[in-house]
Amino acid sequence: MSIKHFVNCKFHLFVRKIATNIDNFTEWTGKIVSWVVLLMVFLMGLIVLMRYFFEIGSIALQESLTYMHALVFLMGAAFTLKRKGHVSIDIFYQKFSPHTRAIIQVLGTLVFLMPVCIVILTLSWDYVISSWSIREVSMEAGGLPYIYLLKTLLITMPACLLLQGISEVIKNSLFLFDKIKSEVESDSDA
């Protein structure tokens with residue numbers, strides 16, 4: 001085994017490990033978010049029971065439902081990306097070869113996903129920091145005193161999507177690299 005081949009194998013294993021760690025983190029956050037959905041269902045049932053059967057309203061419970069709803073959508077985005085659940089034009093995409101799909105995934109992630117995440121992160125940063133600096137609270141009487149935590153999702157969502165995008169680029173690039181490598185090796189054997 002040549003030194004170049006050894007270095008390529010080590011690098012290959014290193015970046016694959018990065019992608020695996022990102023995927024594991026995304027899977028973990030996705031499972032937590034999945035349980036939040038169940039909690040939302042129970043909370044909504046409790047709110048309905050309290051309001052219509054006991055004539056008791058709770059702004060804090062209603063706001064907590066809104067917080068959880070935001071958490072599910074914003075933190076579930078990276079999980080959905082990992083599970084390939086985002087919208088694609090399947091009419092065309094399903095007819096493409098795995099090689100072409102990998103190229104589309106890499107280009108789409110680099111050209112669209114990552115720049116949009118960076119823009120969201122950049123535009124949200126000062127807004128979230130400002131909210132944290134004053135420990136922003138609900139304007140509603142009896143509301144939750146954690147608006148700054150809710151607004152933090154505006155930073156964590158693009159950060160998690162960026163991480164998962166990096167993982168997707170790594171996995172698809174390794175797939176393409178392995179395909180090219182196997183074609184070159186088969187040509188040199190012929």
# chains A, B, ... in the order shown; residues from 1 in each chain; ligands from 1
>>> residues_around(residues="A:Gly108", least_positions_apart="4", cutoff="12 Å", atoms="only C-alpha atoms", output="MDAnalysis selection string")
chainID A and resid 88 100:104 112:116 165:166 168:169 172
>>> residues_around(residues="stretch 52-69 of chain A", least_positions_apart="2", cutoff="12 Å", atoms="only C-alpha atoms", output="number ranges by chain")
A: 32-50, 71-76, 137-153
>>> atom_distance(atom1="atom CA of A:Ala19", atom2="atom CA of A:His99")
19.0 Å
>>> select_by_dssp(residues="stretch 58-156 of chain A", states="alpha helix (DSSP H)", output="ChimeraX atom specification")
/A:59-82,90-93,98-108,114-133,147-156
>>> atom_distance(atom1="atom CA of A:Ala77", atom2="atom CA of A:Leu123")
18.5 Å
